[in-house]
file data-v3.txt (compact mmCIF, C-alpha atoms)
# COMPACT_ATOMS: atom_id res chain seq x y z
CA MET A 1 -44.01 35.76 -74.96
CA THR A 2 -42.77 36.77 -71.60
CA ALA A 3 -40.71 34.35 -69.52
CA THR A 4 -41.83 33.87 -66.00
CA THR A 5 -39.24 33.49 -63.32
CA GLN A 6 -39.95 31.38 -60.28
CA THR A 7 -38.46 32.58 -57.06
CA PRO A 8 -37.15 29.70 -54.98
CA MET A 9 -38.95 29.09 -51.74
CA PRO A 10 -36.81 29.78 -48.68
CA ALA A 11 -35.52 26.59 -47.07
CA THR A 12 -37.11 25.87 -43.77
CA ALA A 13 -34.62 26.05 -40.94
CA ARG A 14 -34.13 22.89 -38.94
CA PRO A 15 -35.37 23.16 -35.41
CA THR A 16 -32.45 23.44 -32.98
CA ALA A 17 -32.72 22.07 -29.51
CA ALA A 18 -32.41 24.53 -26.75
CA PRO A 19 -29.22 24.33 -24.70
CA GLY A 20 -31.27 23.77 -21.57
CA SER A 21 -32.98 20.67 -22.97
CA ASP A 22 -29.59 19.04 -23.81
CA ARG A 23 -28.39 19.69 -20.29
CA ARG A 24 -31.55 18.19 -18.81
CA ALA A 25 -31.21 15.11 -21.04
CA ARG A 26 -27.62 14.57 -19.94
CA LYS A 27 -28.59 14.94 -16.30
CA ALA A 28 -31.45 12.49 -16.74
CA ALA A 29 -29.14 9.95 -18.40
CA GLN A 30 -26.59 10.41 -15.61
CA ARG A 31 -29.29 9.86 -12.98
CA ARG A 32 -30.38 6.67 -14.72
CA ARG A 33 -26.80 5.38 -14.77
CA LEU A 34 -26.32 6.20 -11.09
CA THR A 35 -29.61 4.51 -10.22
CA ALA A 36 -28.63 1.40 -12.16
CA CYS A 37 -25.22 1.30 -10.47
CA GLY A 38 -26.83 1.75 -7.07
CA VAL A 39 -29.30 -1.08 -7.68
CA LEU A 40 -26.56 -3.43 -8.88
CA MET A 41 -24.14 -2.55 -6.06
CA THR A 42 -26.71 -2.70 -3.24
CA PRO A 43 -26.37 -6.49 -2.65
CA PHE A 44 -22.57 -6.18 -2.52
CA PHE A 45 -22.64 -3.36 0.03
CA ALA A 46 -25.32 -5.14 2.06
CA LEU A 47 -23.14 -8.25 2.29
CA LEU A 48 -20.02 -6.16 2.99
CA VAL A 49 -21.70 -4.39 5.89
CA SER A 50 -23.43 -7.46 7.34
CA VAL A 51 -20.64 -10.06 7.11
CA PHE A 52 -17.51 -7.88 7.39
CA LEU A 53 -17.90 -4.35 8.70
CA ILE A 54 -20.33 -5.15 11.52
CA PRO A 55 -18.32 -8.18 12.82
CA VAL A 56 -15.05 -6.24 12.57
CA GLY A 57 -16.57 -3.25 14.35
CA THR A 58 -17.95 -5.53 17.07
CA ALA A 59 -14.54 -7.18 17.53
CA VAL A 60 -12.81 -3.80 17.79
CA TYR A 61 -15.37 -2.62 20.35
CA LEU A 62 -15.05 -5.79 22.45
CA SER A 63 -11.27 -5.55 22.41
CA PHE A 64 -11.38 -2.23 24.31
CA PHE A 65 -13.74 -3.45 27.03
CA SER A 66 -13.58 -6.24 29.58
CA ASP A 67 -16.03 -7.73 32.04
CA ASP A 68 -15.20 -6.88 35.62
CA GLN A 69 -16.81 -7.53 39.00
CA PRO A 70 -17.02 -4.75 41.56
CA GLY A 71 -15.62 -4.91 45.06
CA LEU A 72 -14.42 -8.31 46.21
CA GLY A 73 -15.94 -10.15 43.29
CA PHE A 74 -19.53 -10.07 44.50
CA GLY A 75 -22.27 -8.64 42.37
CA PRO A 76 -23.05 -8.61 38.67
CA GLU A 77 -20.34 -8.17 36.10
CA HIS A 78 -20.20 -4.99 34.08
CA SER A 79 -18.06 -3.87 31.15
CA VAL A 80 -15.23 -1.48 31.82
CA PHE A 81 -12.97 0.31 29.38
CA VAL A 82 -9.47 -1.22 29.42
CA GLY A 83 -7.90 0.52 26.43
CA LEU A 84 -5.06 -1.41 24.84
CA ARG A 85 -4.62 -3.82 27.73
CA SER A 86 -5.98 -6.79 25.79
CA TYR A 87 -3.71 -6.05 22.83
CA VAL A 88 -0.66 -5.86 25.12
CA ALA A 89 -1.68 -9.14 26.75
CA VAL A 90 -1.99 -10.87 23.37
CA LEU A 91 1.28 -9.52 21.95
CA THR A 92 3.21 -10.48 25.09
CA ASP A 93 1.66 -13.94 25.37
CA PRO A 94 4.29 -16.51 24.30
CA THR A 95 1.59 -18.99 23.28
CA PHE A 96 0.14 -16.51 20.77
CA LEU A 97 3.58 -15.63 19.43
CA GLY A 98 4.34 -19.34 19.16
CA GLY A 99 1.12 -19.82 17.20
CA LEU A 100 2.18 -17.05 14.82
CA GLY A 101 5.51 -18.79 14.33
CA THR A 102 3.72 -22.07 13.61
CA VAL A 103 1.56 -20.41 10.98
CA VAL A 104 4.61 -18.75 9.39
CA LEU A 105 6.31 -22.13 9.10
CA TYR A 106 3.11 -23.64 7.75
CA CYS A 107 2.86 -20.89 5.09
CA LEU A 108 6.50 -21.32 4.07
CA LEU A 109 5.84 -25.01 3.39
CA TYR A 110 2.28 -24.90 2.13
CA ILE A 111 2.12 -21.92 -0.24
CA PRO A 112 5.11 -22.80 -2.50
CA LEU A 113 4.04 -26.45 -2.69
CA MET A 114 0.46 -25.46 -3.50
CA VAL A 115 1.29 -22.90 -6.18
CA VAL A 116 4.07 -24.90 -7.85
CA GLY A 117 2.18 -28.20 -7.66
CA ALA A 118 -1.10 -26.82 -9.01
CA LEU A 119 0.69 -24.95 -11.80
CA ALA A 120 2.74 -28.03 -12.76
CA LEU A 121 -0.41 -30.18 -12.97
CA ALA A 122 -2.18 -27.52 -15.05
CA LEU A 123 0.77 -27.23 -17.44
CA LEU A 124 0.88 -31.01 -17.74
CA LEU A 125 -2.80 -31.19 -18.63
CA ASP A 126 -2.52 -28.28 -21.06
CA SER A 127 0.44 -29.86 -22.86
CA GLY A 128 -1.70 -32.71 -24.15
CA VAL A 129 0.57 -35.40 -22.73
CA VAL A 130 -2.10 -36.65 -20.34
CA LYS A 131 -4.87 -38.64 -21.97
CA LEU A 132 -8.48 -38.33 -20.84
CA ARG A 133 -7.91 -34.83 -19.51
CA ALA A 134 -11.51 -34.39 -18.41
CA TRP A 135 -11.34 -37.50 -16.21
CA ALA A 136 -7.95 -36.42 -14.85
CA GLN A 137 -9.35 -33.01 -13.91
CA LEU A 138 -12.34 -34.65 -12.20
CA ALA A 139 -10.12 -37.04 -10.24
CA LEU A 140 -7.87 -34.20 -9.06
CA PHE A 141 -10.81 -31.93 -8.21
CA LEU A 142 -12.83 -34.52 -6.24
CA PRO A 143 -10.87 -34.13 -2.96
CA HIS A 144 -11.85 -30.46 -2.89
CA ALA A 145 -15.51 -31.52 -2.86
CA VAL A 146 -14.92 -33.36 0.41
CA PRO A 147 -15.69 -31.07 3.40
CA GLY A 148 -12.65 -30.02 5.37
CA ILE A 149 -13.76 -31.77 8.56
CA ILE A 150 -14.32 -35.06 6.72
CA ALA A 151 -10.93 -34.77 5.01
CA ALA A 152 -9.20 -34.15 8.34
CA LEU A 153 -10.98 -37.17 9.87
CA ILE A 154 -9.86 -39.36 6.97
CA TRP A 155 -6.25 -38.33 7.39
CA LEU A 156 -6.52 -38.61 11.19
CA TYR A 157 -7.43 -42.26 10.66
CA LEU A 158 -4.42 -42.68 8.34
CA TYR A 159 -2.06 -40.92 10.77
CA THR A 160 -3.09 -42.67 13.99
CA PRO A 161 -0.87 -45.62 15.04
CA GLY A 162 -2.66 -48.91 15.64
CA ILE A 163 -5.46 -48.30 13.16
CA SER A 164 -3.64 -46.80 10.19
CA PRO A 165 -3.01 -49.24 7.30
CA ILE A 166 -0.19 -46.98 6.08
CA ILE A 167 1.70 -47.19 9.37
CA ASP A 168 1.14 -50.96 9.44
CA LEU A 169 2.53 -51.24 5.92
CA PHE A 170 5.64 -49.28 6.91
CA SER A 171 6.09 -51.38 10.04
CA GLN A 172 6.13 -54.56 7.97
CA ALA A 173 9.12 -53.08 6.13
CA ASP A 174 10.79 -52.21 9.47
CA ILE A 175 10.15 -48.49 8.93
CA THR A 176 8.91 -46.56 11.94
CA ILE A 177 7.26 -43.25 11.21
CA ASP A 178 5.23 -40.96 13.43
CA PHE A 179 3.11 -38.65 11.30
CA LEU A 180 2.11 -36.62 14.37
CA GLY A 181 5.54 -36.22 15.94
CA VAL A 182 7.27 -33.00 16.83
CA HIS A 183 9.03 -32.73 13.45
CA THR A 184 6.29 -34.20 11.26
CA VAL A 185 3.06 -32.69 12.54
CA ILE A 186 3.26 -29.54 10.41
CA PRO A 187 4.16 -31.45 7.20
CA SER A 188 1.24 -33.77 7.98
CA ILE A 189 -1.13 -30.79 8.20
CA VAL A 190 0.34 -29.39 4.96
CA ASN A 191 -0.34 -32.74 3.30
CA ILE A 192 -4.03 -32.58 4.28
CA ALA A 193 -4.37 -29.04 2.89
CA LEU A 194 -2.60 -30.00 -0.34
CA TRP A 195 -4.83 -33.04 -0.80
CA SER A 196 -7.94 -30.90 -0.35
CA ASN A 197 -7.07 -27.80 -2.38
CA LEU A 198 -4.53 -28.80 -5.02
CA GLY A 199 -7.17 -29.84 -7.55
CA TYR A 200 -9.16 -26.64 -7.16
CA ASN A 201 -6.18 -24.39 -7.83
CA MET A 202 -5.14 -26.65 -10.70
CA VAL A 203 -8.52 -25.97 -12.35
CA VAL A 204 -7.95 -22.21 -11.89
CA PHE A 205 -4.56 -22.41 -13.60
CA TYR A 206 -5.87 -24.69 -16.35
CA ALA A 207 -8.68 -22.23 -17.15
CA ALA A 208 -6.10 -19.42 -17.36
CA LEU A 209 -3.91 -21.50 -19.69
CA GLN A 210 -6.85 -22.11 -22.00
CA ALA A 211 -7.08 -18.36 -22.55
CA VAL A 212 -3.46 -18.14 -23.77
CA PRO A 213 -3.47 -17.44 -27.53
CA ARG A 214 -2.53 -20.54 -29.47
CA GLU A 215 -0.61 -18.36 -31.93
CA VAL A 216 1.91 -17.46 -29.23
CA ILE A 217 2.52 -21.11 -28.41
CA GLU A 218 2.83 -22.04 -32.08
CA ALA A 219 5.31 -19.22 -32.60
CA SER A 220 7.46 -20.49 -29.71
CA VAL A 221 7.44 -23.97 -31.21
CA VAL A 222 8.48 -22.57 -34.58
CA ASP A 223 11.35 -20.74 -32.87
CA GLY A 224 12.59 -24.08 -31.59
CA ALA A 225 11.33 -24.03 -28.00
CA GLY A 226 10.70 -27.46 -26.52
CA PRO A 227 7.72 -28.40 -24.30
CA VAL A 228 9.48 -27.55 -21.04
CA ARG A 229 10.80 -24.22 -22.29
CA THR A 230 7.40 -23.32 -23.72
CA ALA A 231 5.72 -24.12 -20.42
CA LEU A 232 8.19 -22.19 -18.27
CA GLN A 233 9.08 -19.21 -20.47
CA VAL A 234 5.92 -18.71 -22.53
CA LYS A 235 2.86 -20.04 -20.73
CA THR A 236 3.80 -19.32 -17.13
CA PRO A 237 4.47 -15.55 -17.59
CA LEU A 238 1.15 -15.21 -19.42
CA VAL A 239 -0.80 -16.58 -16.43
CA ARG A 240 1.06 -14.51 -13.85
CA ALA A 241 -2.12 -12.77 -12.69
CA SER A 242 -3.69 -16.13 -11.84
CA ILE A 243 -0.55 -17.19 -9.98
CA VAL A 244 -0.66 -14.04 -7.85
CA MET A 245 -4.37 -14.52 -7.15
CA VAL A 246 -3.93 -18.15 -6.10
CA ALA A 247 -0.93 -17.27 -3.91
CA MET A 248 -2.83 -14.46 -2.20
CA PHE A 249 -5.95 -16.52 -1.47
CA THR A 250 -3.80 -19.44 -0.30
CA LEU A 251 -2.00 -17.07 2.08
CA ILE A 252 -5.28 -15.76 3.48
CA TRP A 253 -6.64 -19.26 4.09
CA ALA A 254 -3.33 -20.46 5.56
CA LEU A 255 -3.35 -17.69 8.18
CA GLN A 256 -6.73 -19.01 9.38
CA LEU A 257 -5.39 -22.51 10.10
CA PHE A 258 -7.91 -24.15 12.42
CA THR A 259 -9.81 -27.26 11.30
CA GLU A 260 -6.95 -29.68 10.69
CA PRO A 261 -4.98 -29.05 13.91
CA VAL A 262 -8.14 -29.09 16.04
CA LEU A 263 -9.03 -32.59 14.87
CA LEU A 264 -5.44 -33.87 14.88
CA SER A 265 -5.02 -32.64 18.45
CA GLN A 266 -7.18 -35.58 19.54
CA SER A 267 -4.32 -37.96 18.69
CA SER A 268 -1.20 -35.81 19.09
CA PRO A 269 0.17 -34.14 22.23
CA MET A 270 2.23 -31.92 19.91
CA ILE A 271 -0.90 -29.90 19.09
CA ASN A 272 -2.20 -27.92 22.06
CA SER A 273 -5.26 -25.73 22.33
CA ARG A 274 -3.28 -22.65 21.19
CA PHE A 275 -1.40 -24.24 18.31
CA SER A 276 -2.40 -21.50 15.82
CA PRO A 277 -3.78 -17.96 16.21
CA SER A 278 -7.28 -19.14 15.28
CA MET A 279 -7.12 -21.87 17.93
CA TYR A 280 -5.85 -19.27 20.42
CA ILE A 281 -8.90 -17.10 19.65
CA TYR A 282 -11.25 -20.05 20.06
CA ASP A 283 -9.64 -21.04 23.36
CA ALA A 284 -9.78 -17.49 24.70
CA ALA A 285 -13.44 -17.03 23.78
CA PHE A 286 -15.03 -20.39 24.54
CA THR A 287 -12.69 -22.00 27.10
CA ARG A 288 -11.49 -19.03 29.15
CA ASN A 289 -14.55 -16.84 28.42
CA ASN A 290 -12.27 -13.87 27.81
CA TYR A 291 -14.00 -12.20 24.89
CA SER A 292 -11.87 -9.06 25.09
CA LEU A 293 -8.70 -11.12 24.64
CA ALA A 294 -10.25 -13.12 21.80
CA ALA A 295 -11.42 -9.95 20.06
CA ALA A 296 -7.97 -8.34 20.36
CA ALA A 297 -6.31 -11.46 18.93
CA SER A 298 -8.85 -11.48 16.09
CA VAL A 299 -8.11 -7.85 15.22
CA ILE A 300 -4.35 -8.51 15.28
CA LEU A 301 -4.79 -11.52 12.97
CA LEU A 302 -6.95 -9.41 10.65
CA LEU A 303 -4.33 -6.66 10.51
CA CYS A 304 -1.60 -9.20 9.73
CA THR A 305 -3.72 -10.65 6.93
CA ILE A 306 -4.45 -7.22 5.43
CA ALA A 307 -0.80 -6.16 5.68
CA LEU A 308 0.50 -9.32 3.99
CA SER A 309 -2.15 -9.15 1.26
CA TYR A 310 -1.32 -5.51 0.62
CA GLY A 311 2.39 -6.36 0.50
CA VAL A 312 1.82 -9.08 -2.10
CA THR A 313 -0.30 -6.70 -4.19
CA ARG A 314 2.25 -3.89 -4.03
CA TRP A 315 5.12 -6.24 -4.85
CA THR A 316 3.37 -7.63 -7.92
CA SER A 317 2.29 -4.17 -9.07
CA ARG A 318 5.86 -2.90 -8.79
CA ALA A 319 7.17 -5.92 -10.67
CA ASP A 320 4.63 -5.34 -13.47
CA ALA A 321 5.62 -1.66 -13.68
CA GLN A 322 9.28 -2.59 -13.99
CA GLU A 323 8.49 -5.02 -16.80
CA VAL A 324 6.56 -2.35 -18.68
CA ARG A 325 9.58 0.02 -18.43
call {"tool": "encode", "arguments": {"input": "data-v3.txt", "output": "structure tokens"}}
result
Amino acid sequence: MTATTQTPMPATARPTAAPGSDRRARKAAQRRRLTACGVLMTPFFALLVSVFLIPVGTAVYLSFFSDDQPGLGFGPEHSVFVGLRSYVAVLTDPTFLGGLGTVVLYCLLYIPLMVVGALALALLLDSGVVKLRAWAQLALFLPHAVPGIIAALIWLYLYTPGISPIIDLFSQADITIDFLGVHTVIPSIVNIALWSNLGYNMVVFYAALQAVPREVIEASVVDGAGPVRTALQVKTPLVRASIVMVAMFTLIWALQLFTEPVLLSQSSPMINSRFSPSMYIYDAAFTRNNYSLAAAASVILLLCTIALSYGVTRWTSRADAQEVR
């Protein structure tokens, strides 16, 4: 009996994709990603161009031109190129420089009080000492829901002698106070801004504190840290990014001071039509009809805002880098 041997069948080779097909697949996937990014970013760029770049470009253009009348002032006005004349006029105008000084003083009072006050309230709510935290947050946030004009009108009523119940109450105790005097008008404006925005920033800080790992807080308590030390040395450094963000946005809004002084100027001679840079711009554009001057002042205010924001960002980035080292 002869044994039969079976020869094994050769294994079929797996089909290998051609190098060109892999390259085409990668390019197709890359095109899909770029298309998706473009679709998602289109609304952002549309808003950026329509509400920022176009207005800024228009302001820069207007700042280099001025309306002039030919001859002895007869005939239609036409725009002429004036170069940096409007910028020189703004930077040498003592009323504009005085408005910048007013805003600087306002920022020095307002920003520390806002950041420290909002952070202190958030730490107090996060500590668990305050009962009914949800109702406390709602009560502190409600003033922010009031429009800025309405809030300024409310405080104008409380600041005006003769109709203010607060001033009447002080007068009964033989205390005379002028909330709109030469030394109190800026603190009075700061008080309005604090009343309106303190609750909002408190909510921002409280949300950041809720993201702090509970294990870190428990470890600090085990190490013997009390509530105050835990709040200042453990929780506060962990929400530093939120503190920087709130400080930066508060700075940007403070540089645009306009609503409160405009309404308070109805009852105080200490607030003139050029009390702040924004009021100077409004007066130049709509009272003096000098759009070139208003545009130049707007560009200068924008550059100051960008420079200060960039400075805050660089300072915090450098501080973070030093901590990492």
call {"tool": "closest_residue", "arguments": {"input": "data-v3.txt", "among": "A:Ile167, A:Val51, A:Ala29, A:Ala89", "to": "A:Leu293", "atoms": "only C-alpha atoms"}}
result
A:Ala89
call {"tool": "closest_residue", "arguments": {"input": "data-v3.txt", "among": "A:Val103, A:Leu119, A:Asp93, A:Asn272", "to": "A:Val239", "atoms": "all atoms listed in the file"}}
result
A:Leu119
call {"tool": "residues_around", "arguments": {"input": "data-v3.txt", "residues": "stretch 255-263 of chain A", "least_positions_apart": "5", "cutoff": "7 Å", "atoms": "all atoms listed in the file", "output": "list of chain:residue names"}}
result
A:Val103, A:Ile149, A:Ala152, A:Ile189, A:Ile271, A:Ser276, A:Ser278, A:Met279
call {"tool": "write_last_selection", "arguments": {"input": "data-v3.txt", "atoms": "C-alpha atoms", "output": "mmCIF file, in the frame of the given file"}}
result
data_model
loop_
_atom_site.group_PDB
_atom_site.id
_atom_site.type_symbol
_atom_site.label_atom_id
_atom_site.label_comp_id
_atom_site.auth_asym_id
_atom_site.auth_seq_id
_atom_site.Cartn_x
_atom_site.Cartn_y
_atom_site.Cartn_z
ATOM 1 C CA VAL A 103 1.560 -20.410 10.980
ATOM 2 C CA ILE A 149 -13.760 -31.770 8.560
ATOM 3 C CA ALA A 152 -9.200 -34.150 8.340
ATOM 4 C CA ILE A 189 -1.130 -30.790 8.200
ATOM 5 C CA ILE A 271 -0.900 -29.900 19.090
ATOM 6 C CA SER A 276 -2.400 -21.500 15.820
ATOM 7 C CA SER A 278 -7.280 -19.140 15.280
ATOM 8 C CA MET A 279 -7.120 -21.870 17.930
#
call {"tool": "closest_residue", "arguments": {"input": "data-v3.txt", "among": "A:Ser188, A:Asn197, A:Ser273, A:Gln172", "to": "A:Ala145", "atoms": "only C-alpha atoms"}}
result
A:Asn197
call {"tool": "atom_distance", "arguments": {"input": "data-v3.txt", "atom1": "atom CA of A:Phe65", "atom2": "atom CA of A:Arg85"}}
result
9.2 Å
